[in-house]
$ cat final02.pdb   # PDB, C-alpha atoms and all ligand atoms
ATOM      1  CA  MET L   1      -5.189   1.162 -21.636
ATOM      2  CA  THR L   2      -1.474   0.959 -20.844
ATOM      3  CA  THR L   3      -0.137   2.108 -17.485
ATOM      4  CA  MET L   4       3.456   3.280 -17.044
ATOM      5  CA  LEU L   5       5.562   3.055 -13.901
ATOM      6  CA  HIS L   6       8.816   4.715 -13.017
ATOM      7  CA  CYS L   7      10.540   4.273  -9.657
ATOM      8  CA  MET L   8      13.692   6.191  -8.822
ATOM      9  CA  SER L   9      16.006   7.036  -5.995
ATOM     10  CA  HIS L  10      16.125  10.675  -4.961
ATOM     11  CA  SER L  11      18.811  12.650  -3.198
ATOM     12  CA  PRO L  12      18.816  16.299  -2.179
ATOM     13  CA  LEU L  13      22.609  16.199  -2.512
ATOM     14  CA  VAL L  14      22.344  16.263  -6.325
ATOM     15  CA  GLY L  15      24.085  19.470  -7.373
ATOM     16  CA  HIS L  16      25.627  19.906  -3.901
ATOM     17  CA  VAL L  17      28.047  16.960  -3.674
ATOM     18  CA  ASP L  18      28.312  15.348  -7.091
ATOM     19  CA  PRO L  19      30.119  12.170  -8.248
ATOM     20  CA  GLU L  20      32.817  12.253 -10.939
ATOM     21  CA  PRO L  21      31.707  13.609 -14.348
ATOM     22  CA  ALA L  22      31.427  10.171 -16.010
ATOM     23  CA  VAL L  23      29.039   8.939 -13.287
ATOM     24  CA  LEU L  24      27.073  12.171 -13.335
ATOM     25  CA  ALA L  25      26.733  11.918 -17.107
ATOM     26  CA  GLU L  26      25.539   8.310 -16.823
ATOM     27  CA  VAL L  27      22.835   9.288 -14.318
ATOM     28  CA  GLU L  28      21.806  12.307 -16.372
ATOM     29  CA  GLN L  29      21.504  10.090 -19.434
ATOM     30  CA  MET L  30      19.310   7.647 -17.501
ATOM     31  CA  ILE L  31      17.071  10.478 -16.281
ATOM     32  CA  ALA L  32      16.901  11.984 -19.784
ATOM     33  CA  ALA L  33      15.761   8.604 -21.128
ATOM     34  CA  ALA L  34      13.085   8.378 -18.428
ATOM     35  CA  ARG L  35      11.962  11.948 -19.177
ATOM     36  CA  ALA L  36      11.695  11.103 -22.890
ATOM     37  CA  ALA L  37       9.702   7.939 -22.133
ATOM     38  CA  VAL L  38       7.332   9.897 -19.886
ATOM     39  CA  ALA L  39       6.888  12.573 -22.564
ATOM     40  CA  GLU L  40       6.170   9.891 -25.144
ATOM     41  CA  PHE L  41       3.657   8.203 -22.814
ATOM     42  CA  ASP L  42       2.057  11.592 -22.070
ATOM     43  CA  PRO L  43      -0.007  10.611 -19.009
ATOM     44  CA  ASP L  44      -3.457  12.033 -18.188
ATOM     45  CA  LEU L  45      -2.769  11.498 -14.497
ATOM     46  CA  VAL L  46       0.290  10.959 -12.292
ATOM     47  CA  VAL L  47       0.168   9.156  -8.933
ATOM     48  CA  LEU L  48       3.314   9.746  -6.914
ATOM     49  CA  PHE L  49       4.289   7.637  -3.872
ATOM     50  CA  ALA L  50       7.060   9.256  -1.817
ATOM     51  CA  PRO L  51       8.360   9.751   1.721
ATOM     52  CA  ASP L  52       9.039  12.867   3.774
ATOM     53  CA  HIS L  53      12.063  13.817   5.906
ATOM     54  CA  TYR L  54      10.515  15.851   8.745
ATOM     55  CA  ASN L  55       9.644  18.682   6.416
ATOM     56  CA  GLY L  56       5.908  18.136   6.081
ATOM     57  CA  PHE L  57       4.996  15.269   8.433
ATOM     58  CA  PHE L  58       5.756  15.373  12.165
ATOM     59  CA  TYR L  59       5.179  13.500  15.396
ATOM     60  CA  ASP L  60       2.311  15.768  16.441
ATOM     61  CA  LEU L  61       0.228  13.585  14.142
ATOM     62  CA  MET L  62       2.136  11.040  12.076
ATOM     63  CA  PRO L  63       0.083   8.939   9.646
ATOM     64  CA  SER L  64       1.529   5.843   7.983
ATOM     65  CA  PHE L  65      -0.034   6.867   4.680
ATOM     66  CA  CYS L  66      -1.574  10.132   3.510
ATOM     67  CA  ILE L  67      -3.265  11.095   0.244
ATOM     68  CA  GLY L  68      -2.994  14.770  -0.702
ATOM     69  CA  THR L  69      -5.961  16.582  -2.201
ATOM     70  CA  GLU L  70      -3.962  19.822  -2.276
ATOM     71  CA  ALA L  71      -0.186  19.993  -1.919
ATOM     72  CA  TYR L  72       2.843  22.232  -2.220
ATOM     73  CA  ALA L  73       6.583  21.666  -2.043
ATOM     74  CA  ILE L  74       8.814  23.741   0.245
ATOM     75  CA  GLY L  75      11.937  23.717  -1.947
ATOM     76  CA  ASP L  76      14.475  22.209   0.469
ATOM     77  CA  PHE L  77      18.087  21.871  -0.795
ATOM     78  CA  GLY L  78      17.223  24.102  -3.737
ATOM     79  CA  THR L  79      14.642  21.712  -5.203
ATOM     80  CA  MET L  80      11.548  23.262  -6.793
ATOM     81  CA  ALA L  81       9.047  25.000  -4.532
ATOM     82  CA  GLY L  82       5.393  25.640  -5.232
ATOM     83  CA  ASP L  83       1.963  24.138  -5.676
ATOM     84  CA  LEU L  84       1.267  20.826  -7.323
ATOM     85  CA  GLN L  85      -1.699  20.566  -9.644
ATOM     86  CA  VAL L  86      -3.742  18.040  -7.647
ATOM     87  CA  PRO L  87      -7.058  16.997  -9.209
ATOM     88  CA  GLN L  88      -9.021  17.426  -5.997
ATOM     89  CA  ALA L  89     -12.229  15.521  -6.744
ATOM     90  CA  LEU L  90     -10.238  12.590  -8.106
ATOM     91  CA  ALA L  91      -7.909  12.582  -5.073
ATOM     92  CA  GLU L  92     -10.961  12.614  -2.789
ATOM     93  CA  ALA L  93     -12.465   9.699  -4.694
ATOM     94  CA  LEU L  94      -9.171   7.803  -4.457
ATOM     95  CA  ALA L  95      -8.988   8.420  -0.682
ATOM     96  CA  ALA L  96     -12.554   7.168  -0.230
ATOM     97  CA  ALA L  97     -11.924   4.103  -2.398
ATOM     98  CA  VAL L  98      -8.734   3.174  -0.533
ATOM     99  CA  LEU L  99     -10.551   3.374   2.827
ATOM    100  CA  GLU L 100     -13.425   1.336   1.440
ATOM    101  CA  ASP L 101     -10.837  -1.210   0.262
ATOM    102  CA  GLY L 102      -9.489  -1.665   3.801
ATOM    103  CA  VAL L 103      -6.435   0.601   3.950
ATOM    104  CA  ASP L 104      -6.753   3.494   6.409
ATOM    105  CA  ALA L 105      -4.835   6.234   4.601
ATOM    106  CA  ALA L 106      -5.169   9.747   6.009
ATOM    107  CA  VAL L 107      -6.004  12.745   3.821
ATOM    108  CA  SER L 108      -4.412  16.172   3.697
ATOM    109  CA  TYR L 109      -5.930  19.255   2.138
ATOM    110  CA  ARG L 110      -2.659  21.141   2.689
ATOM    111  CA  MET L 111       0.082  18.590   2.232
ATOM    112  CA  GLN L 112       3.587  19.978   2.718
ATOM    113  CA  LEU L 113       6.171  18.167   0.611
ATOM    114  CA  ASP L 114       9.960  18.114   0.321
ATOM    115  CA  HIS L 115      12.532  16.911  -2.205
ATOM    116  CA  GLY L 116      11.142  13.366  -1.996
ATOM    117  CA  PHE L 117       8.134  14.479  -4.042
ATOM    118  CA  ALA L 118       9.603  17.500  -5.828
ATOM    119  CA  GLN L 119      12.728  15.901  -7.302
ATOM    120  CA  PRO L 120      11.043  13.277  -9.515
ATOM    121  CA  LEU L 121       8.508  15.840 -10.787
ATOM    122  CA  GLU L 122      11.294  18.303 -11.506
ATOM    123  CA  GLU L 123      13.426  15.703 -13.272
ATOM    124  CA  LEU L 124      10.654  14.063 -15.286
ATOM    125  CA  PHE L 125       8.443  17.067 -16.087
ATOM    126  CA  GLY L 126      10.641  20.114 -15.473
ATOM    127  CA  GLY L 127       8.023  21.478 -13.077
ATOM    128  CA  LEU L 128       5.670  20.638 -10.218
ATOM    129  CA  ASP L 129       2.409  21.625 -11.891
ATOM    130  CA  THR L 130       2.733  20.551 -15.516
ATOM    131  CA  LYS L 131       0.457  17.495 -15.029
ATOM    132  CA  PRO L 132      -2.332  16.473 -12.626
ATOM    133  CA  VAL L 133      -0.531  14.693  -9.773
ATOM    134  CA  ILE L 134      -1.990  12.874  -6.757
ATOM    135  CA  PRO L 135       0.712  12.722  -4.047
ATOM    136  CA  ILE L 136       0.675   9.767  -1.642
ATOM    137  CA  PHE L 137       2.919   9.976   1.415
ATOM    138  CA  ILE L 138       4.444   6.866   3.007
ATOM    139  CA  ASN L 139       6.058   7.327   6.406
ATOM    140  CA  SER L 140       9.582   5.973   5.959
ATOM    141  CA  VAL L 141      11.555   7.631   8.776
ATOM    142  CA  ALA L 142       9.362   8.258  11.835
ATOM    143  CA  THR L 143       9.224   4.995  13.789
ATOM    144  CA  PRO L 144       6.987   3.072  14.231
ATOM    145  CA  LEU L 145       6.803   2.519  10.488
ATOM    146  CA  PRO L 146       4.214   0.752   8.340
ATOM    147  CA  SER L 147       5.213  -2.722   7.178
ATOM    148  CA  PHE L 148       6.101  -3.931   3.690
ATOM    149  CA  GLN L 149       2.798  -5.764   3.615
ATOM    150  CA  ARG L 150       0.795  -2.618   4.331
ATOM    151  CA  ALA L 151       2.711  -0.715   1.656
ATOM    152  CA  ARG L 152       1.806  -3.474  -0.781
ATOM    153  CA  LEU L 153      -1.863  -3.452   0.221
ATOM    154  CA  LEU L 154      -1.999   0.342  -0.075
ATOM    155  CA  GLY L 155      -0.580   0.084  -3.579
ATOM    156  CA  GLU L 156      -3.019  -2.645  -4.594
ATOM    157  CA  ALA L 157      -5.970  -0.578  -3.343
ATOM    158  CA  VAL L 158      -4.717   2.441  -5.306
ATOM    159  CA  GLY L 159      -4.236   0.268  -8.392
ATOM    160  CA  ARG L 160      -7.774  -1.117  -8.219
ATOM    161  CA  PHE L 161      -9.131   2.439  -8.144
ATOM    162  CA  LEU L 162      -6.919   3.554 -11.026
ATOM    163  CA  LYS L 163      -7.917   0.548 -13.135
ATOM    164  CA  GLY L 164     -11.531   1.693 -13.013
ATOM    165  CA  LEU L 165     -10.719   5.204 -14.239
ATOM    166  CA  ASN L 166      -9.926   4.383 -17.842
ATOM    167  CA  GLN L 167      -7.210   7.060 -17.887
ATOM    168  CA  LYS L 168      -3.607   6.946 -19.034
ATOM    169  CA  VAL L 169      -1.845   6.783 -15.667
ATOM    170  CA  LEU L 170       1.823   7.164 -14.780
ATOM    171  CA  ILE L 171       2.670   5.672 -11.373
ATOM    172  CA  LEU L 172       5.812   7.073  -9.743
ATOM    173  CA  GLY L 173       7.755   5.851  -6.715
ATOM    174  CA  SER L 174      10.462   8.035  -5.160
ATOM    175  CA  GLY L 175      13.008   6.954  -2.576
ATOM    176  CA  GLY L 176      15.632   4.531  -1.400
ATOM    177  CA  LEU L 177      17.489   2.409  -2.059
ATOM    178  CA  SER L 178      19.962   1.429   0.718
ATOM    179  CA  HIS L 179      21.044   4.559   2.599
ATOM    180  CA  GLN L 180      21.181   6.202   5.966
ATOM    181  CA  PRO L 181      21.690   9.968   5.790
ATOM    182  CA  PRO L 182      21.760  11.862   9.094
ATOM    183  CA  VAL L 183      17.980  12.210   9.536
ATOM    184  CA  PRO L 184      17.165  13.131  13.150
ATOM    185  CA  GLU L 185      15.463  10.602  15.451
ATOM    186  CA  LEU L 186      13.079  11.326  18.293
ATOM    187  CA  ALA L 187      14.740   8.780  20.584
ATOM    188  CA  THR L 188      18.125  10.517  20.481
ATOM    189  CA  ALA L 189      17.033  14.139  19.920
ATOM    190  CA  ASN L 190      17.695  16.865  22.465
ATOM    191  CA  GLU L 191      14.785  18.906  23.766
ATOM    192  CA  HIS L 192      14.966  21.521  21.032
ATOM    193  CA  LEU L 193      15.115  18.936  18.261
ATOM    194  CA  GLN L 194      12.297  16.920  19.853
ATOM    195  CA  ASP L 195      10.149  20.031  19.678
ATOM    196  CA  ARG L 196      11.053  20.419  15.995
ATOM    197  CA  LEU L 197      10.184  16.759  15.302
ATOM    198  CA  LYS L 198       6.865  17.181  17.115
ATOM    199  CA  GLY L 199       5.798  19.906  14.716
ATOM    200  CA  SER L 200       7.659  23.172  15.189
ATOM    201  CA  GLY L 201       9.948  22.048  12.353
ATOM    202  CA  ARG L 202       7.076  22.616   9.933
ATOM    203  CA  HIS L 203       8.240  26.244   9.617
ATOM    204  CA  LEU L 204      11.970  26.147  10.251
ATOM    205  CA  PRO L 205      13.779  29.483  10.815
ATOM    206  CA  ALA L 206      16.046  30.268   7.833
ATOM    207  CA  GLU L 207      19.327  29.856   9.751
ATOM    208  CA  GLU L 208      18.220  26.490  11.138
ATOM    209  CA  ARG L 209      17.211  25.383   7.659
ATOM    210  CA  GLU L 210      20.630  26.358   6.330
ATOM    211  CA  ALA L 211      22.419  24.601   9.202
ATOM    212  CA  ARG L 212      20.419  21.443   8.510
ATOM    213  CA  THR L 213      21.268  21.573   4.805
ATOM    214  CA  GLN L 214      24.978  22.103   5.515
ATOM    215  CA  ARG L 215      25.005  19.243   8.033
ATOM    216  CA  VAL L 216      23.760  16.788   5.389
ATOM    217  CA  ILE L 217      26.239  18.158   2.806
ATOM    218  CA  GLN L 218      29.122  17.765   5.280
ATOM    219  CA  ALA L 219      27.988  14.225   6.100
ATOM    220  CA  ALA L 220      28.044  13.370   2.385
ATOM    221  CA  ARG L 221      31.569  14.753   1.962
ATOM    222  CA  ARG L 222      32.720  12.715   4.969
ATOM    223  CA  PHE L 223      30.943   9.590   3.651
ATOM    224  CA  VAL L 224      32.854   9.841   0.347
ATOM    225  CA  GLU L 225      36.128   9.841   2.318
ATOM    226  CA  ASP L 226      35.059   7.210   4.858
ATOM    227  CA  GLN L 227      32.230   4.845   4.040
ATOM    228  CA  THR L 228      31.977   3.703   7.635
ATOM    229  CA  SER L 229      31.067   7.239   8.767
ATOM    230  CA  LEU L 230      27.422   6.369   8.009
ATOM    231  CA  HIS L 231      25.687   3.009   7.576
ATOM    232  CA  PRO L 232      27.306   1.558   4.419
ATOM    233  CA  LEU L 233      25.320   1.247   1.198
ATOM    234  CA  HIS L 234      24.265  -2.290   0.289
ATOM    235  CA  PRO L 235      24.345  -2.793  -3.498
ATOM    236  CA  GLN L 236      23.641  -6.500  -3.191
ATOM    237  CA  TRP L 237      20.391  -5.939  -1.301
ATOM    238  CA  ASP L 238      19.410  -3.137  -3.657
ATOM    239  CA  GLU L 239      19.841  -5.389  -6.700
ATOM    240  CA  PHE L 240      17.925  -8.196  -4.968
ATOM    241  CA  PHE L 241      15.087  -5.808  -4.108
ATOM    242  CA  MET L 242      14.853  -4.453  -7.656
ATOM    243  CA  THR L 243      14.736  -7.991  -9.027
ATOM    244  CA  GLN L 244      11.923  -8.920  -6.626
ATOM    245  CA  LEU L 245       9.879  -6.005  -7.983
ATOM    246  CA  ALA L 246      10.771  -6.606 -11.620
ATOM    247  CA  GLU L 247       9.703 -10.245 -11.299
ATOM    248  CA  ASN L 248       6.484  -9.354  -9.453
ATOM    249  CA  ARG L 249       7.463 -11.151  -6.266
ATOM    250  CA  LEU L 250       6.132  -8.400  -4.020
ATOM    251  CA  GLN L 251       4.516 -10.714  -1.494
ATOM    252  CA  GLU L 252       7.877 -12.276  -0.677
ATOM    253  CA  LEU L 253       8.930  -8.924   0.783
ATOM    254  CA  ASP L 254       6.086  -9.086   3.333
ATOM    255  CA  GLY L 255       8.287 -11.159   5.621
ATOM    256  CA  MET L 256      10.967  -8.465   5.826
ATOM    257  CA  LYS L 257      10.825  -6.883   9.277
ATOM    258  CA  ASN L 258      11.430  -3.147   9.541
ATOM    259  CA  ALA L 259      14.121  -3.503  12.201
ATOM    260  CA  GLU L 260      15.844  -6.151  10.073
ATOM    261  CA  LEU L 261      15.990  -3.871   7.027
ATOM    262  CA  SER L 262      17.325  -0.943   9.087
ATOM    263  CA  VAL L 263      20.237  -3.060  10.315
ATOM    264  CA  LEU L 264      20.878  -4.590   6.904
ATOM    265  CA  ALA L 265      20.743  -1.595   4.584
ATOM    266  CA  GLY L 266      20.242   1.561   6.671
ATOM    267  CA  LYS L 267      17.361   3.338   8.329
ATOM    268  CA  SER L 268      16.270   5.376   5.314
ATOM    269  CA  THR L 269      16.033   2.254   3.141
ATOM    270  CA  HIS L 270      12.374   2.111   4.226
ATOM    271  CA  GLU L 271      11.788   4.679   1.483
ATOM    272  CA  VAL L 272      11.723   1.669  -0.870
ATOM    273  CA  LYS L 273       8.144   1.155   0.315
ATOM    274  CA  ALA L 274       7.264   3.864  -2.219
ATOM    275  CA  TRP L 275       8.535   1.436  -4.875
ATOM    276  CA  VAL L 276       6.600  -1.450  -3.313
ATOM    277  CA  SER L 277       3.346   0.539  -3.375
ATOM    278  CA  ALA L 278       3.985   1.710  -6.934
ATOM    279  CA  PHE L 279       4.647  -1.825  -8.219
ATOM    280  CA  ALA L 280       1.702  -3.211  -6.232
ATOM    281  CA  ALA L 281      -0.559  -0.645  -7.921
ATOM    282  CA  LEU L 282       0.830  -1.557 -11.338
ATOM    283  CA  SER L 283       0.504  -5.278 -10.673
ATOM    284  CA  VAL L 284      -3.263  -5.106 -10.196
ATOM    285  CA  MET L 285      -3.688  -3.028 -13.348
ATOM    286  CA  GLY L 286      -2.323  -5.705 -15.646
ATOM    287  CA  GLU L 287       0.593  -7.950 -16.547
ATOM    288  CA  PHE L 288       3.682  -5.774 -16.631
ATOM    289  CA  LYS L 289       7.180  -5.789 -18.021
ATOM    290  CA  VAL L 290      10.232  -3.852 -16.793
ATOM    291  CA  THR L 291      11.805  -2.083 -19.768
ATOM    292  CA  ALA L 292      14.645  -0.151 -18.113
ATOM    293  CA  ARG L 293      16.791  -0.766 -15.054
ATOM    294  CA  TYR L 294      19.619   1.278 -13.592
ATOM    295  CA  TYR L 295      21.705   0.930 -10.459
ATOM    296  CA  ARG L 296      24.869   2.338  -8.982
ATOM    297  CA  PRO L 297      25.875   3.043  -5.377
ATOM    298  CA  ILE L 298      26.660   6.775  -5.171
ATOM    299  CA  PRO L 299      28.240   7.759  -1.833
ATOM    300  CA  GLU L 300      28.317  11.457  -2.857
ATOM    301  CA  TRP L 301      24.515  11.353  -2.733
ATOM    302  CA  ILE L 302      24.387   8.974   0.255
ATOM    303  CA  ALA L 303      22.328   6.643  -1.882
ATOM    304  CA  GLY L 304      22.073   3.294  -3.497
ATOM    305  CA  PHE L 305      20.904   5.025  -6.650
ATOM    306  CA  GLY L 306      18.569   3.145  -8.955
ATOM    307  CA  ALA L 307      15.590   3.313 -11.250
ATOM    308  CA  LEU L 308      13.077   0.948 -12.834
ATOM    309  CA  THR L 309      10.648   1.630 -15.666
ATOM    310  CA  ALA L 310       7.745  -0.692 -16.420
ATOM    311  CA  TYR L 311       4.569  -0.826 -18.489
ATOM    312  CA  THR L 312       1.477  -2.977 -18.389
ATOM    313  CA  GLU L 313       0.948  -5.045 -21.501
ATOM    314  CA  GLU L 314      -1.649  -3.717 -23.908
ATOM    315  CA  ALA L 315      -4.885  -5.654 -23.274
TER     316      ALA L 315
HETATM  317  O1  LIG L 401      16.401  15.739   4.202
HETATM  318  C1  LIG L 401      17.223  15.045   4.826
HETATM  319  O2  LIG L 401      17.691  15.417   5.887
HETATM  320  C2  LIG L 401      17.657  13.706   4.272
HETATM  321  C3  LIG L 401      18.237  13.914   2.949
HETATM  322  C4  LIG L 401      18.666  12.738   2.114
HETATM  323  C5  LIG L 401      20.032  12.538   1.893
HETATM  324  C6  LIG L 401      20.457  11.508   1.067
HETATM  325  C7  LIG L 401      19.546  10.668   0.428
HETATM  326  C8  LIG L 401      18.187  10.853   0.636
HETATM  327  O3  LIG L 401      17.252  10.026   0.048
HETATM  328  C9  LIG L 401      17.743  11.895   1.457
HETATM  329  O4  LIG L 401      16.417  12.071   1.592
HETATM  330 FE    FE L 402      14.956  10.390   1.084
END
$ encode --input "final02.pdb" --output "C-alpha cells"
Amino acid sequence: MTTMLHCMSHSPLVGHVDPEPAVLAEVEQMIAAARAAVAEFDPDLVVLFAPDHYNGFFYDLMPSFCIGTEAYAIGDFGTMAGDLQVPQALAEALAAAVLEDGVDAAVSYRMQLDHGFAQPLEELFGGLDTKPVIPIFINSVATPLPSFQRARLLGEAVGRFLKGLNQKVLILGSGGLSHQPPVPELATANEHLQDRLKGSGRHLPAEEREARTQRVIQAARRFVEDQTSLHPLHPQWDEFFMTQLAENRLQELDGMKNAELSVLAGKSTHEVKAWVSAFAALSVMGEFKVTARYYRPIPEWIAGFGALTAYTEEA
C-alpha cells in the first residue's frame, strides 16, 4: 500500500495581503497540482499535523502534542469554519497506540482549530469534512516547546500505527517555514493579554478578533515595505531544512535547539515540526521519494513559503 505525504506552509494572510500576480499564480499552480495529486491518490484516511496560534490551545493547559477525536475549525482570517469528519474510534486507537509507543500525546474530544489546520484542508479538498481526518496538534508557539527529537518520535509512533492499518493514508504537515508574525507572548503580554493567553482567548469578542486580524494584516504590509520590521525570512535555512527531510536525514535535526532556531529563522519557524512529524511517520511506513518541491520567500504572507510532496515506494 502506498502512502502519500504533502507538507506545506500556511498563512492566514492569503487573500488579505497578496504578492504580485505572477507570484500568486505560481503558488496557485503549485497548490492546484497538489490538489490534483491528492484527488488522484484518493486517500481513505488523512492524518494532519499542524500548530495553533492561541485560537484553540492556551496556557491554562498546554500540551506539547494533542490528538483530536472530534474537532472543529473557528474560521479565523476568513478560513473555513466547521466540523472536521474525525473517525473517532480510529483516532482513539491511534492515541492509545502512540502512548503505548512511548510518546505522551494528549487527547481532545473537542479540539478547537484555526487556519493552521483549516487552510490545507480547504486548499487540498475544498472543504473540512470531505474526508476522514485525524488532526494532531503540535505546540509551536507557546514556550516551552517540544524538541525536534520529540516531534520526530511522535511522527514515528504515528507511522507505526498507520502502517498496521492497511489503509490508503495521506499524511499532511502544515506550517513554517522561516517566519515570525506578531504572535503574542506570555512573557511580554499585559495583564489583559495574559488572561487571553491563559484561556479567555478561546472565545474572543468579535471586536477583539477583528483588531487581532487587522494587526497581523498591518504587520504584513509593513514587512513588505521594511523587512527588518519583523524577524527576516531565511530562505537558506528553509532550503536546507527541506533538503534534510527530502533526503530522510531527520535525526540530524535532533541537535537543533529551540532557542537556536528562534534566533536563526524566527519564533514561528517551530511550526516546521509538523513537517518533521509528517516525514517521520512516512519514513517508518516505507522507503519514500519526494516528487514535488516548491519554495519562495513571500513577505506579503510573512512566510518562507514552501511545499514538499512524497510517496512511499510500492512494496
Ligand atoms: O494567527 C496569527 O496571529 C499568526 C498568523 C500567521 C501569519 C503569518 C504566517 C503564519 O504561518 C501565521 O500563522
Ligand atoms: Fe502559522
$ resolve_selection --input "final02.pdb" --expression "the PyMOL selection byres (((chain L and resi 227) around 12) and not hetatm)" --output "PyMOL selection string"
chain L and resi 179-181+219-226+228-234+297-300+302-303
$ residues_near_ligand --input "final02.pdb" --ligand "ligand LIG 401 (chain L)" --cutoff "10 Å" --atoms "all atoms listed in the file" --output "count of residues only"
47
$ atom_distance --input "final02.pdb" --atom1 "CA of Ile171 (chain L)" --atom2 "CA of Ile138 (chain L)"
14.5 Å
$ residues_around --input "final02.pdb" --residues "Thr79 (chain L)" --least-positions-apart "4" --cutoff "7 Å" --atoms "all atoms listed in the file" --output "list of chain:residue names"
L:Gly75, L:His115, L:Ala118, L:Gln119
$ closest_residue --input "final02.pdb" --among "L:Cys66, L:Met30, L:Val86, L:Ile74" --to "Arg209 (chain L)" --atoms "only C-alpha atoms"
L:Ile74
$ axis_aligned_box --input "final02.pdb" --around "region 102-110 of chain L" --padding-each-side "4 Å" --output "lines of an AutoDock Vina configuration file"
center_x = -6.1
center_y = 9.7
center_z = 4.3
size_x = 14.8
size_y = 30.8
size_z = 12.3
$ closest_residue --input "final02.pdb" --among "L:Lys267, L:Val284, L:Tyr72, L:Pro19" --to "ligand FE 402 (chain L)" --atoms "only C-alpha atoms and all ligand atoms"
L:Lys267
